[in-house]
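Since the structure comes first, as structure tokens, the remarks are kept for the end.
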Amino acid sequence: MPKSQKFACVIIAAGLGKRMKSDLPKVLHKLNGKCLVEYVVETAEKFGANPIIAIVGYKKELVIQQLGSRIQYAVQEQQLGTGHAVLQAEPLLKDYSGSILILSGDVPLLRVETVQKLAEMHHSGNNACTIVTCILENPTGYGRILRRNDGAVAAIVEEKDASNAQRQIKEINSGIYMVQAPVLFEALHHIDNHNRQGEYYLPDIVPYILSINLRVGGLRSSNPLEIAGVNSKEELEALEKASFAQRNNFID
């Protein structure tokens with residue numbers, strides 16, 4: 001962590017996860033015997049984030065019981081999207097002026113070393129927002145990262161909006177962000193839910209931040225495993241097999 005820098009962490013952990021076909025909150029499903037969200041909290045703790053706030057919603061009492069008093073909680077009463085989820089942390093961070101690391105409770109294998117590199121790039125680049133990106137051989141379904149000549153992020157183009165040329169881009173948005181707190185909440189208050197799902201999406205903060213001429217950086221991870229999320233039991237099983245095969249053998 002850069003010296004004298006302060007970082008809070010918000011973990012999105014409110015969803016049911018319908019594709020898991022289970023009544024258990026998605027983040028409480030286990031990978032190698034440990035709940036998905038516990039991996040995420042441990043990464044935030046090792047990084048030194050303070051405070052750490054989990055956004056809880058569906059069966060919140062189970063998530064709180066699992067994680068206990070080691071972190072703080074904010075409640076998303078209605079699941080209205082990832083942007084709306086993060087906004088629920090605003091009252092707990094209203095006097096906070098540092099940067100906020102935003103993680104997903106269903107992305108368990110992110111390394112603390114990657115978070116440290118993210119913080120270093122965020123600080124040294126004087127970025128308002130810095131995103132973890134990744135090169136995927138099959139980027140179908142992900143937002144593509146467009147870069148400026150100086151390497152900064154110029155745009156995130158969602159697949160449905162991408163041109164044929166843009167769909168050939170293999171660098172994708174992982175959904176892991178570090179954002180200056182005042183900028184984050186200003187942006188969250190400016191995004192809308194004019195989309196098919198009627199939800200407030202966290203990636204929509206990026207075009208707003210770019211529109212007010214602030215810099216967005218992108219840290220490229222070379223290991224797709226550490227940005228992989230879990231949306232179904234099949235994906236959980238595949239991630240467990242892949243993590244076992246690559247355990248202690250991540251590539252920088």
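Each chain in the structure tokens gets a letter, A, B, ..., in the order shown, and its residues are numbered from 1; ligands are numbered from 1 in order too.
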
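The strand (DSSP E or B) portion of stretch 144-185 of chain A consists of A:Arg144, A:Ile145, A:Leu146, A:Arg147, A:Val153, A:Ala154, A:Ala155, A:Ile156, A:Val157, A:Glu171, A:Ile172, A:Asn173, A:Ser174, A:Gly175, A:Ile176, A:Tyr177, A:Met178, A:Val179, A:Gln180, with states taken from DSSP on the backbone.
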
### Task
Using DSSP on the backbone coordinates, identify the residues of stretch 42-80 of chain A assigned to alpha helix (DSSP H); present them as a VMD selection string.
chain A and resid 42 to 47 60 to 67

### Query
Got a sec: who's within 10 Å of stretch 47-50 of chain A, counting only C-alpha atoms, leaving out chain neighbours fewer than 6 positions off, as a PyMOL selection string?
chain A and resi 1+6-10+41+71-72+99-101+111-116+119

Each residue of stretch 76-123 of chain A lying at most 12 Å from stretch 20-32 of chain A should get a row with its shortest atom-to-atom pair and the distance in Å to one decimal, counting only C-alpha atoms; could you produce that, ordered by chain and increasing number, as JSON lines?
{"residue": "A:Ser104", "atom": "CA", "partner": "A:Val27", "partner_atom": "CA", "distance": 9.0}
{"residue": "A:Gly105", "atom": "CA", "partner": "A:Val27", "partner_atom": "CA", "distance": 5.6}
{"residue": "A:Asp106", "atom": "CA", "partner": "A:Val27", "partner_atom": "CA", "distance": 5.4}
{"residue": "A:Val107", "atom": "CA", "partner": "A:Val27", "partner_atom": "CA", "distance": 8.9}
{"residue": "A:Pro108", "atom": "CA", "partner": "A:Leu31", "partner_atom": "CA", "distance": 8.3}
{"residue": "A:Leu109", "atom": "CA", "partner": "A:Leu31", "partner_atom": "CA", "distance": 9.8}

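If you measure from each of A:Gln66, A:Gln78, A:Thr140, A:Thr130 to A:Lys34 using only C-alpha atoms, the closest one turns out to be A:Gln66.
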
#### Entry: Shell of 12 Å around stretch 215-221 of chain A, only C-alpha atoms, local chain residues under 6 positions omitted, as an MDAnalysis selection string
chainID A and resid 110:111 113:136 144:148 150:156 170:180 183 205:209 227:228 250:252

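With distances restricted to only C-alpha atoms, A:Val37 is the closest residue to A:Ile64 from A:Val37, A:Ile102, A:Leu202, A:Ala162.
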
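With only C-alpha atoms as the atoms that count, the minimum distance from A:Cys35 to the choices A:Val230, A:Gly143, A:Ser211, A:His84 is reached by A:Val230.
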